[in-house]
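Colleague: I'm passing along final_23.pdb; it holds PDB, C-alpha atoms.
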ATOM      1  CA  MET A1345       0.000   0.000   0.000  1.00  0.00           C
ATOM      2  CA  PRO A1346       1.352   3.481  -0.799  1.00  0.00           C
ATOM      3  CA  PRO A1347       2.081   5.745   2.165  1.00  0.00           C
ATOM      4  CA  ASN A1348      -0.793   8.059   3.055  1.00  0.00           C
ATOM      5  CA  PRO A1349       0.415  11.214   4.812  1.00  0.00           C
ATOM      6  CA  MET A1350      -3.117  12.046   5.969  1.00  0.00           C
ATOM      7  CA  ARG A1351      -4.165   8.540   6.996  1.00  0.00           C
ATOM      8  CA  LYS A1352      -4.900   9.162  10.686  1.00  0.00           C
ATOM      9  CA  ARG A1353      -6.436  12.642  10.696  1.00  0.00           C
ATOM     10  CA  PRO A1354      -7.606  13.397   7.157  1.00  0.00           C
ATOM     11  CA  PHE A1355      -9.569  16.544   7.920  1.00  0.00           C
ATOM     12  CA  VAL A1356      -7.239  19.310   9.133  1.00  0.00           C
ATOM     13  CA  LYS A1357      -9.014  22.610   9.417  1.00  0.00           C
ATOM     14  CA  ALA A1358      -7.059  25.632   8.253  1.00  0.00           C
ATOM     15  CA  GLY A1359      -6.826  28.550  10.633  1.00  0.00           C
ATOM     16  CA  LYS A1360      -7.240  26.526  13.829  1.00  0.00           C
ATOM     17  CA  GLY A1361      -3.547  26.468  14.726  1.00  0.00           C
ATOM     18  CA  MET A1362      -0.304  28.268  13.844  1.00  0.00           C
ATOM     19  CA  LEU A1363       1.391  28.588  10.484  1.00  0.00           C
ATOM     20  CA  LEU A1364       4.958  27.335  10.956  1.00  0.00           C
ATOM     21  CA  GLY A1365       7.494  28.014   8.212  1.00  0.00           C
ATOM     22  CA  TYR A1366      10.493  25.829   7.366  1.00  0.00           C
ATOM     23  CA  ALA A1367      13.340  27.329   5.331  1.00  0.00           C
ATOM     24  CA  ARG A1368      16.445  25.446   4.209  1.00  0.00           C
ATOM     25  CA  VAL A1369      19.519  26.113   2.118  1.00  0.00           C
ATOM     26  CA  SER A1370      22.249  23.568   1.418  1.00  0.00           C
ATOM     27  CA  LYS A1371      25.241  23.650   3.728  1.00  0.00           C
ATOM     28  CA  GLY A1372      28.010  25.753   2.206  1.00  0.00           C
ATOM     29  CA  ASP A1373      25.570  27.466  -0.152  1.00  0.00           C
ATOM     30  CA  GLU A1374      26.309  31.160  -0.629  1.00  0.00           C
ATOM     31  CA  GLN A1375      22.589  31.926  -0.532  1.00  0.00           C
ATOM     32  CA  SER A1376      20.728  32.496   2.728  1.00  0.00           C
ATOM     33  CA  ASN A1377      17.265  31.704   3.998  1.00  0.00           C
ATOM     34  CA  LYS A1378      16.300  35.393   3.764  1.00  0.00           C
ATOM     35  CA  ALA A1379      14.282  35.156   0.524  1.00  0.00           C
ATOM     36  CA  GLN A1380      12.464  32.033   1.748  1.00  0.00           C
ATOM     37  CA  ALA A1381      11.755  33.645   5.121  1.00  0.00           C
ATOM     38  CA  THR A1382      10.282  36.703   3.388  1.00  0.00           C
ATOM     39  CA  ALA A1383       7.932  34.500   1.342  1.00  0.00           C
ATOM     40  CA  LEU A1384       6.943  32.499   4.408  1.00  0.00           C
ATOM     41  CA  ARG A1385       6.145  35.622   6.426  1.00  0.00           C
ATOM     42  CA  ALA A1386       4.078  36.942   3.523  1.00  0.00           C
ATOM     43  CA  ALA A1387       2.148  33.647   3.626  1.00  0.00           C
ATOM     44  CA  GLY A1388       1.302  34.333   7.268  1.00  0.00           C
ATOM     45  CA  CYS A1389       3.868  32.216   9.130  1.00  0.00           C
ATOM     46  CA  ARG A1390       4.225  33.348  12.738  1.00  0.00           C
ATOM     47  CA  ARG A1391       7.333  31.262  13.374  1.00  0.00           C
ATOM     48  CA  ILE A1392      10.075  30.144  11.001  1.00  0.00           C
ATOM     49  CA  PHE A1393      12.556  27.305  11.488  1.00  0.00           C
ATOM     50  CA  GLY A1394      15.599  27.836   9.292  1.00  0.00           C
ATOM     51  CA  GLU A1395      18.811  25.911   8.812  1.00  0.00           C
ATOM     52  CA  ALA A1396      21.677  25.209   6.428  1.00  0.00           C
ATOM     53  CA  ALA A1397      21.798  21.502   5.647  1.00  0.00           C
ATOM     54  CA  SER A1398      21.726  19.139   2.704  1.00  0.00           C
ATOM     55  CA  GLY A1399      18.241  18.184   1.555  1.00  0.00           C
ATOM     56  CA  GLY A1400      19.318  14.543   1.435  1.00  0.00           C
ATOM     57  CA  ARG A1401      20.201  14.399   5.137  1.00  0.00           C
ATOM     58  CA  TRP A1402      17.734  13.250   7.756  1.00  0.00           C
ATOM     59  CA  ASP A1403      19.633  14.585  10.790  1.00  0.00           C
ATOM     60  CA  ARG A1404      18.425  18.198  10.571  1.00  0.00           C
ATOM     61  CA  PRO A1405      17.919  19.648  14.087  1.00  0.00           C
ATOM     62  CA  GLU A1406      15.562  22.493  13.121  1.00  0.00           C
ATOM     63  CA  LEU A1407      13.346  20.224  11.050  1.00  0.00           C
ATOM     64  CA  HIS A1408      12.947  17.781  13.926  1.00  0.00           C
ATOM     65  CA  ARG A1409      12.439  20.593  16.429  1.00  0.00           C
ATOM     66  CA  MET A1410       9.574  21.877  14.298  1.00  0.00           C
ATOM     67  CA  LEU A1411       8.044  18.407  13.895  1.00  0.00           C
ATOM     68  CA  ASP A1412       8.264  17.775  17.651  1.00  0.00           C
ATOM     69  CA  GLN A1413       6.417  21.030  18.396  1.00  0.00           C
ATOM     70  CA  LEU A1414       3.533  20.479  15.983  1.00  0.00           C
ATOM     71  CA  ARG A1415       0.038  20.625  17.445  1.00  0.00           C
ATOM     72  CA  GLU A1416      -3.339  19.747  15.992  1.00  0.00           C
ATOM     73  CA  GLY A1417      -4.462  22.413  13.537  1.00  0.00           C
ATOM     74  CA  ASP A1418      -0.962  23.756  12.846  1.00  0.00           C
ATOM     75  CA  VAL A1419       0.158  24.067   9.237  1.00  0.00           C
ATOM     76  CA  VAL A1420       3.763  23.606   8.050  1.00  0.00           C
ATOM     77  CA  VAL A1421       4.597  25.934   5.173  1.00  0.00           C
ATOM     78  CA  VAL A1422       7.606  25.729   2.837  1.00  0.00           C
ATOM     79  CA  TRP A1423       8.583  27.949  -0.063  1.00  0.00           C
ATOM     80  CA  LYS A1424       9.209  24.910  -2.293  1.00  0.00           C
ATOM     81  CA  LEU A1425       8.718  21.180  -1.821  1.00  0.00           C
ATOM     82  CA  ASP A1426      12.418  20.337  -2.156  1.00  0.00           C
ATOM     83  CA  ARG A1427      13.142  22.589   0.838  1.00  0.00           C
ATOM     84  CA  LEU A1428      11.493  19.884   2.914  1.00  0.00           C
ATOM     85  CA  SER A1429      13.725  17.203   1.376  1.00  0.00           C
ATOM     86  CA  ARG A1430      15.240  16.206  -1.964  1.00  0.00           C
ATOM     87  CA  SER A1431      14.191  12.608  -1.349  1.00  0.00           C
ATOM     88  CA  LEU A1432      10.603  11.760  -2.262  1.00  0.00           C
ATOM     89  CA  LYS A1433      10.660   8.967   0.303  1.00  0.00           C
ATOM     90  CA  ASP A1434      11.680  11.418   3.042  1.00  0.00           C
ATOM     91  CA  VAL A1435       9.118  14.000   1.880  1.00  0.00           C
ATOM     92  CA  LEU A1436       6.342  11.444   2.255  1.00  0.00           C
ATOM     93  CA  HIS A1437       7.671  10.331   5.644  1.00  0.00           C
ATOM     94  CA  ILE A1438       7.824  13.933   6.911  1.00  0.00           C
ATOM     95  CA  MET A1439       4.320  14.625   5.634  1.00  0.00           C
ATOM     96  CA  GLU A1440       3.147  11.492   7.421  1.00  0.00           C
ATOM     97  CA  ARG A1441       4.656  12.871  10.645  1.00  0.00           C
ATOM     98  CA  ILE A1442       2.824  16.142  10.027  1.00  0.00           C
ATOM     99  CA  GLY A1443      -0.453  14.318   9.388  1.00  0.00           C
ATOM    100  CA  ASP A1444      -0.049  12.150  12.506  1.00  0.00           C
ATOM    101  CA  ALA A1445       0.174  15.354  14.564  1.00  0.00           C
ATOM    102  CA  GLY A1446      -3.143  16.494  13.103  1.00  0.00           C
ATOM    103  CA  ALA A1447      -1.380  19.291  11.220  1.00  0.00           C
ATOM    104  CA  GLY A1448      -1.461  20.355   7.584  1.00  0.00           C
ATOM    105  CA  PHE A1449       1.166  21.120   4.963  1.00  0.00           C
ATOM    106  CA  ARG A1450       1.508  23.803   2.280  1.00  0.00           C
ATOM    107  CA  SER A1451       4.076  24.413  -0.427  1.00  0.00           C
ATOM    108  CA  ILE A1452       3.891  27.939  -1.820  1.00  0.00           C
ATOM    109  CA  THR A1453       5.570  27.297  -5.187  1.00  0.00           C
ATOM    110  CA  GLU A1454       3.777  24.057  -6.076  1.00  0.00           C
ATOM    111  CA  ALA A1455       0.472  25.258  -4.548  1.00  0.00           C
ATOM    112  CA  ILE A1456       0.118  22.036  -2.521  1.00  0.00           C
ATOM    113  CA  ASP A1457      -2.205  22.391   0.464  1.00  0.00           C
ATOM    114  CA  THR A1458      -3.233  19.318   2.453  1.00  0.00           C
ATOM    115  CA  THR A1459      -5.818  21.323   4.370  1.00  0.00           C
ATOM    116  CA  THR A1460      -8.011  21.096   1.246  1.00  0.00           C
ATOM    117  CA  PRO A1461      -9.540  17.979  -0.360  1.00  0.00           C
ATOM    118  CA  ALA A1462      -7.670  18.669  -3.634  1.00  0.00           C
ATOM    119  CA  GLY A1463      -4.370  18.961  -1.764  1.00  0.00           C
ATOM    120  CA  ARG A1464      -4.928  15.702   0.091  1.00  0.00           C
ATOM    121  CA  MET A1465      -5.764  13.966  -3.176  1.00  0.00           C
ATOM    122  CA  MET A1466      -2.532  15.270  -4.752  1.00  0.00           C
ATOM    123  CA  THR A1467      -0.509  14.018  -1.792  1.00  0.00           C
ATOM    124  CA  GLN A1468      -2.070  10.567  -2.107  1.00  0.00           C
ATOM    125  CA  MET A1469      -1.271  10.547  -5.820  1.00  0.00           C
ATOM    126  CA  ILE A1470       2.370  11.426  -5.113  1.00  0.00           C
ATOM    127  CA  GLY A1471       2.550   8.541  -2.656  1.00  0.00           C
ATOM    128  CA  ALA A1472       0.973   6.169  -5.166  1.00  0.00           C
ATOM    129  CA  PHE A1473       3.440   7.139  -7.902  1.00  0.00           C
ATOM    130  CA  ALA A1474       6.355   6.745  -5.484  1.00  0.00           C
ATOM    131  CA  GLU A1475       5.193   3.246  -4.556  1.00  0.00           C
ATOM    132  CA  PHE A1476       4.728   2.377  -8.247  1.00  0.00           C
ATOM    133  CA  GLU A1477       8.280   3.549  -8.995  1.00  0.00           C
ATOM    134  CA  ARG A1478       9.692   1.410  -6.170  1.00  0.00           C
ATOM    135  CA  ALA A1479       7.753  -1.616  -7.417  1.00  0.00           C
ATOM    136  CA  MET A1480       9.078  -1.111 -10.970  1.00  0.00           C
ATOM    137  CA  ILE A1481      12.665  -0.872  -9.698  1.00  0.00           C
ATOM    138  CA  ARG A1482      12.247  -4.070  -7.689  1.00  0.00           C
ATOM    139  CA  GLU A1483      10.779  -5.844 -10.726  1.00  0.00           C
ATOM    140  CA  ARG A1484      13.608  -4.698 -13.040  1.00  0.00           C
ATOM    141  CA  THR A1485      16.204  -5.792 -10.482  1.00  0.00           C
ATOM    142  CA  SER A1486      14.624  -9.221 -10.063  1.00  0.00           C
ATOM    143  CA  THR A1487      14.363  -9.678 -13.837  1.00  0.00           C
ATOM    144  CA  GLY A1488      18.008  -8.693 -14.320  1.00  0.00           C
ATOM    145  CA  LEU A1489      19.218 -11.077 -11.609  1.00  0.00           C
ATOM    146  CA  ALA A1490      17.159 -13.932 -13.061  1.00  0.00           C
ATOM    147  CA  ALA A1491      18.595 -13.305 -16.532  1.00  0.00           C
ATOM    148  CA  ALA A1492      22.134 -13.213 -15.124  1.00  0.00           C
ATOM    149  CA  ARG A1493      21.619 -16.520 -13.302  1.00  0.00           C
ATOM    150  CA  ALA A1494      20.219 -18.085 -16.481  1.00  0.00           C
ATOM    151  CA  GLU A1495      23.386 -17.054 -18.336  1.00  0.00           C
ATOM    152  CA  GLY A1496      25.578 -18.443 -15.572  1.00  0.00           C
ATOM    153  CA  ARG A1497      26.604 -15.043 -14.231  1.00  0.00           C
ATOM    154  CA  ILE A1498      26.403 -14.757 -10.463  1.00  0.00           C
ATOM    155  CA  GLY A1499      27.221 -11.054 -10.224  1.00  0.00           C
ATOM    156  CA  GLY A1500      30.031  -8.533 -10.171  1.00  0.00           C
ATOM    157  CA  ARG A1501      31.721  -6.752 -13.024  1.00  0.00           C
ATOM    158  CA  ARG A1502      33.208  -8.699 -15.893  1.00  0.00           C
ATOM    159  CA  LYS A1503      36.956  -8.446 -16.244  1.00  0.00           C
ATOM    160  CA  LYS A1504      37.895  -6.168 -19.083  1.00  0.00           C
ATOM    161  CA  LEU A1505      41.059  -8.102 -19.919  1.00  0.00           C
ATOM    162  CA  ASP A1506      41.470 -11.806 -20.470  1.00  0.00           C
ATOM    163  CA  SER A1507      44.758 -13.624 -19.877  1.00  0.00           C
ATOM    164  CA  ALA A1508      45.939 -13.173 -23.483  1.00  0.00           C
ATOM    165  CA  LYS A1509      45.438  -9.403 -23.349  1.00  0.00           C
ATOM    166  CA  ARG A1510      47.162  -9.158 -19.969  1.00  0.00           C
ATOM    167  CA  ARG A1511      50.141 -11.102 -21.322  1.00  0.00           C
ATOM    168  CA  GLU A1512      50.274  -8.857 -24.395  1.00  0.00           C
ATOM    169  CA  ILE A1513      50.299  -5.736 -22.218  1.00  0.00           C
ATOM    170  CA  ALA A1514      53.032  -7.060 -19.946  1.00  0.00           C
ATOM    171  CA  GLU A1515      55.296  -8.314 -22.747  1.00  0.00           C
ATOM    172  CA  SER A1516      54.878  -5.106 -24.775  1.00  0.00           C
ATOM    173  CA  VAL A1517      55.858  -2.908 -21.834  1.00  0.00           C
ATOM    174  CA  ILE A1518      58.700  -5.144 -20.605  1.00  0.00           C
ATOM    175  CA  SER A1519      60.186  -5.472 -24.110  1.00  0.00           C
ATOM    176  CA  GLY A1520      59.954  -1.717 -24.660  1.00  0.00           C
ATOM    177  CA  ARG A1521      57.713  -1.999 -27.740  1.00  0.00           C
ATOM    178  CA  LYS A1522      55.081   0.130 -26.025  1.00  0.00           C
ATOM    179  CA  THR A1523      54.917   2.351 -22.975  1.00  0.00           C
ATOM    180  CA  GLY A1524      52.529   1.725 -20.106  1.00  0.00           C
ATOM    181  CA  ALA A1525      50.517   4.820 -21.059  1.00  0.00           C
ATOM    182  CA  GLU A1526      50.180   3.609 -24.666  1.00  0.00           C
ATOM    183  CA  MET A1527      48.918   0.194 -23.575  1.00  0.00           C
ATOM    184  CA  ALA A1528      46.503   1.820 -21.122  1.00  0.00           C
ATOM    185  CA  ARG A1529      44.990   3.895 -23.941  1.00  0.00           C
ATOM    186  CA  LEU A1530      44.947   0.930 -26.326  1.00  0.00           C
ATOM    187  CA  TYR A1531      42.985  -1.301 -23.928  1.00  0.00           C
ATOM    188  CA  ASN A1532      41.035   1.496 -22.255  1.00  0.00           C
ATOM    189  CA  VAL A1533      42.313   0.806 -18.759  1.00  0.00           C
ATOM    190  CA  SER A1534      44.059   2.954 -16.174  1.00  0.00           C
ATOM    191  CA  ALA A1535      47.842   3.346 -15.899  1.00  0.00           C
ATOM    192  CA  PRO A1536      47.879   1.739 -12.403  1.00  0.00           C
ATOM    193  CA  THR A1537      46.109  -1.314 -13.882  1.00  0.00           C
ATOM    194  CA  VAL A1538      48.853  -1.660 -16.487  1.00  0.00           C
ATOM    195  CA  SER A1539      51.507  -1.316 -13.766  1.00  0.00           C
ATOM    196  CA  ARG A1540      49.892  -4.091 -11.724  1.00  0.00           C
ATOM    197  CA  ILE A1541      49.690  -6.370 -14.768  1.00  0.00           C
ATOM    198  CA  VAL A1542      53.362  -5.806 -15.592  1.00  0.00           C
ATOM    199  CA  ALA A1543      54.431  -6.352 -11.970  1.00  0.00           C
ATOM    200  CA  ALA A1544      52.420  -9.577 -11.727  1.00  0.00           C
ATOM    201  CA  HIS A1545      53.881 -10.814 -15.011  1.00  0.00           C
ATOM    202  CA  ARG A1546      57.434 -10.082 -13.850  1.00  0.00           C
ATOM    203  CA  THR A1547      56.771 -11.882 -10.568  1.00  0.00           C
ATOM    204  CA  GLY A1548      55.472 -14.855 -12.503  1.00  0.00           C
ATOM    205  CA  LEU A1549      58.585 -14.910 -14.703  1.00  0.00           C
ATOM    206  CA  VAL A1550      60.879 -14.800 -11.665  1.00  0.00           C
ATOM    207  CA  GLU A1551      58.980 -17.627 -10.001  1.00  0.00           C
ATOM    208  CA  GLN A1552      59.148 -19.674 -13.203  1.00  0.00           C
ATOM    209  CA  LEU A1553      62.921 -19.136 -13.528  1.00  0.00           C
ATOM    210  CA  GLU A1554      63.457 -20.097  -9.875  1.00  0.00           C
ATOM    211  CA  SER A1555      61.321 -23.208 -10.349  1.00  0.00           C
ATOM    212  CA  ASN A1556      63.268 -24.221 -13.480  1.00  0.00           C
ATOM    213  CA  SER A1557      66.579 -23.648 -11.677  1.00  0.00           C
ATOM    214  CA  ALA A1558      65.487 -25.783  -8.725  1.00  0.00           C
ATOM    215  CA  HIS A1559      64.352 -28.541 -11.090  1.00  0.00           C
ATOM    216  CA  ARG A1560      67.713 -28.591 -12.904  1.00  0.00           C
ATOM    217  CA  HIS A1561      69.531 -28.633  -9.556  1.00  0.00           C
ATOM    218  CA  ARG A1562      67.560 -31.710  -8.450  1.00  0.00           C
ATOM    219  CA  GLN A1563      68.348 -33.475 -11.723  1.00  0.00           C
ATOM    220  CA  ASN A1564      72.085 -32.821 -11.307  1.00  0.00           C
TER
END
How does this structure look as structure tokens?

Modeller:
Amino acid sequence: MPPNPMRKRPFVKAGKGMLLGYARVSKGDEQSNKAQATALRAAGCRRIFGEAASGGRWDRPELHRMLDQLREGDVVVVWKLDRLSRSLKDVLHIMERIGDAGAGFRSITEAIDTTTPAGRMMTQMIGAFAEFERAMIRERTSTGLAAARAEGRIGGRRKKLDSAKRREIAESVISGRKTGAEMARLYNVSAPTVSRIVAAHRTGLVEQLESNSAHRHRQN
């Protein structure tokens, strides 16, 4: 079932409580909350909670302080929906918290208002689409894994270079026919990858020579 932000108290009456504004800018952003605060005050907000934090983070002190202080009939107002969060999942979770408190939610830019029947319907539609998207992702993932198992692939990335290509890289660099950078460009791999291939090949040659020497010594 899709999340329903208004599931417990679907009929929030506007004007019964306080209008509480929430303003957010990303941490390190040169902009301030001033423009958002001006819009929120013009919308009638008596109190504004502002902070500088990433919209993808859940640990935002001012957001949680506002949610903890919500009372029945209050309305949370934001300048734009993504000020609440950049994650649709988190937006729906926050709106569920707001609804559980018997409060409403408004977004000035998107004209979303859960204190009206049309606004509640839009919120439910957003939740339904979010659930549909999650279901589609799960289905595509399951289908991809099943196809991989059918082809004998368990998972992980395929190696770009087979043993013949690795040997060609190592011998070309060791013999001086090509440089490591040239072989990296030729096979579309990084320079460190070429270095590791060459080092492993040299180690293998040394081990082979030592093994051959020990074998000849035993025969003598």

Colleague: Extract, using all atoms listed in the file, all DNA, RNA and protein residues at most 10 Å from range 1406-1417 of chain A, discarding same-chain residues fewer than 5 positions from it, and format them as a PyMOL selection string.

Modeller: chain A and resi 1353+1355-1368+1391-1397+1428+1438-1439+1441-1448+1459

Colleague: Write out the residues from the selection above, keeping C-alpha atoms, as a tab-separated table (two decimals), in the frame of the given file.

Modeller:
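The resulting part.tsv:
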chain	number	residue	atom	x	y	z
A	1353	ARG	CA	-6.44	12.64	10.70
A	1355	PHE	CA	-9.57	16.54	7.92
A	1356	VAL	CA	-7.24	19.31	9.13
A	1357	LYS	CA	-9.01	22.61	9.42
A	1358	ALA	CA	-7.06	25.63	8.25
A	1359	GLY	CA	-6.83	28.55	10.63
A	1360	LYS	CA	-7.24	26.53	13.83
A	1361	GLY	CA	-3.55	26.47	14.73
A	1362	MET	CA	-0.30	28.27	13.84
A	1363	LEU	CA	1.39	28.59	10.48
A	1364	LEU	CA	4.96	27.34	10.96
A	1365	GLY	CA	7.49	28.01	8.21
A	1366	TYR	CA	10.49	25.83	7.37
A	1367	ALA	CA	13.34	27.33	5.33
A	1368	ARG	CA	16.44	25.45	4.21
A	1391	ARG	CA	7.33	31.26	13.37
A	1392	ILE	CA	10.07	30.14	11.00
A	1393	PHE	CA	12.56	27.30	11.49
A	1394	GLY	CA	15.60	27.84	9.29
A	1395	GLU	CA	18.81	25.91	8.81
A	1396	ALA	CA	21.68	25.21	6.43
A	1397	ALA	CA	21.80	21.50	5.65
A	1428	LEU	CA	11.49	19.88	2.91
A	1438	ILE	CA	7.82	13.93	6.91
A	1439	MET	CA	4.32	14.62	5.63
A	1441	ARG	CA	4.66	12.87	10.64
A	1442	ILE	CA	2.82	16.14	10.03
A	1443	GLY	CA	-0.45	14.32	9.39
A	1444	ASP	CA	-0.05	12.15	12.51
A	1445	ALA	CA	0.17	15.35	14.56
A	1446	GLY	CA	-3.14	16.49	13.10
A	1447	ALA	CA	-1.38	19.29	11.22
A	1448	GLY	CA	-1.46	20.36	7.58
A	1459	THR	CA	-5.82	21.32	4.37

Colleague: With distances taken over all atoms listed in the file, which residue among A:Arg1385, A:Arg1390, A:Arg1404, A:Arg1510 lies nearest Arg1540 in chain A?

Modeller: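 Among the listed residues, A:Arg1510 lies closest to Arg1540 in chain A.
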
Colleague: Just give me the gap between CA of Tyr1531 in chain A and CA of Thr1547 in chain A in Å, one decimal is fine.

Modeller: 21.9 Å

Colleague: Using all atoms listed in the file, give me every residue within 10 Å of (3.3, 26.6, -4.5) in file coordinates, as number ranges by chain.

Modeller: A: 1421-1425, 1450-1457

Colleague: Using Å and a single decimal, report how far CA of Pro1405 in chain A sits from CA of Gly1388 in chain A.

Modeller: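 Calculated distance between CA of Gly1388 in chain A and CA of Pro1405 in chain A is 23.2 Å.
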
Colleague: Measure the distance from CA of Ala1383 in chain A to CA of Thr1467 in chain A in Å and round it to one decimal.

Modeller: 22.4 Å

Colleague: What box, with edges along x, y and z, holds each listed atom of range 1413-1424 of chain A when 3 Å is added on every side, and can you state its centre and edge lengths in Å to one decimal, as JSON?

Modeller:
{"center_x": 2.4, "center_y": 23.8, "center_z": 8.1, "size_x": 19.7, "size_y": 14.2, "size_z": 26.7}

Colleague: Reconstruct N, CA and C atoms of range 1361-1375 of chain A from the incomplete input and present them as a PDB file, in the coordinates of the input.

Modeller:
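Listed below is the output, rebuild_35.pdb:
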ATOM      1  N   GLY A1361      -4.813  26.409  14.015  1.00  0.00           N
ATOM      2  CA  GLY A1361      -3.547  26.468  14.726  1.00  0.00           C
ATOM      3  C   GLY A1361      -2.635  27.527  14.156  1.00  0.00           C
ATOM      4  N   MET A1362      -1.309  27.318  14.316  1.00  0.00           N
ATOM      5  CA  MET A1362      -0.304  28.268  13.844  1.00  0.00           C
ATOM      6  C   MET A1362       0.233  27.854  12.481  1.00  0.00           C
ATOM      7  N   LEU A1363       0.662  28.857  11.721  1.00  0.00           N
ATOM      8  CA  LEU A1363       1.391  28.588  10.484  1.00  0.00           C
ATOM      9  C   LEU A1363       2.871  28.611  10.824  1.00  0.00           C
ATOM     10  N   LEU A1364       3.542  27.478  10.633  1.00  0.00           N
ATOM     11  CA  LEU A1364       4.958  27.335  10.956  1.00  0.00           C
ATOM     12  C   LEU A1364       5.748  27.186   9.660  1.00  0.00           C
ATOM     13  N   GLY A1365       6.699  28.065   9.430  1.00  0.00           N
ATOM     14  CA  GLY A1365       7.494  28.014   8.212  1.00  0.00           C
ATOM     15  C   GLY A1365       8.769  27.221   8.403  1.00  0.00           C
ATOM     16  N   TYR A1366       9.201  26.530   7.353  1.00  0.00           N
ATOM     17  CA  TYR A1366      10.493  25.829   7.366  1.00  0.00           C
ATOM     18  C   TYR A1366      11.281  26.276   6.150  1.00  0.00           C
ATOM     19  N   ALA A1367      12.471  26.834   6.402  1.00  0.00           N
ATOM     20  CA  ALA A1367      13.340  27.329   5.331  1.00  0.00           C
ATOM     21  C   ALA A1367      14.672  26.596   5.405  1.00  0.00           C
ATOM     22  N   ARG A1368      15.170  26.173   4.242  1.00  0.00           N
ATOM     23  CA  ARG A1368      16.445  25.446   4.209  1.00  0.00           C
ATOM     24  C   ARG A1368      17.264  25.831   2.995  1.00  0.00           C
ATOM     25  N   VAL A1369      18.562  26.005   3.216  1.00  0.00           N
ATOM     26  CA  VAL A1369      19.519  26.113   2.118  1.00  0.00           C
ATOM     27  C   VAL A1369      20.579  25.044   2.348  1.00  0.00           C
ATOM     28  N   SER A1370      21.221  24.592   1.283  1.00  0.00           N
ATOM     29  CA  SER A1370      22.249  23.568   1.418  1.00  0.00           C
ATOM     30  C   SER A1370      23.450  24.108   2.177  1.00  0.00           C
ATOM     31  N   LYS A1371      24.075  23.248   2.947  1.00  0.00           N
ATOM     32  CA  LYS A1371      25.241  23.650   3.728  1.00  0.00           C
ATOM     33  C   LYS A1371      26.357  24.081   2.788  1.00  0.00           C
ATOM     34  N   GLY A1372      26.955  25.229   3.057  1.00  0.00           N
ATOM     35  CA  GLY A1372      28.010  25.753   2.206  1.00  0.00           C
ATOM     36  C   GLY A1372      27.496  26.594   1.065  1.00  0.00           C
ATOM     37  N   ASP A1373      26.174  26.653   0.903  1.00  0.00           N
ATOM     38  CA  ASP A1373      25.570  27.466  -0.152  1.00  0.00           C
ATOM     39  C   ASP A1373      25.752  28.941   0.177  1.00  0.00           C
ATOM     40  N   GLU A1374      26.103  29.730  -0.847  1.00  0.00           N
ATOM     41  CA  GLU A1374      26.309  31.160  -0.629  1.00  0.00           C
ATOM     42  C   GLU A1374      24.991  31.879  -0.354  1.00  0.00           C
ATOM     43  N   GLN A1375      23.877  31.309  -0.774  1.00  0.00           N
ATOM     44  CA  GLN A1375      22.589  31.926  -0.532  1.00  0.00           C
ATOM     45  C   GLN A1375      22.196  31.770   0.931  1.00  0.00           C
TER      46      GLN A1375
END
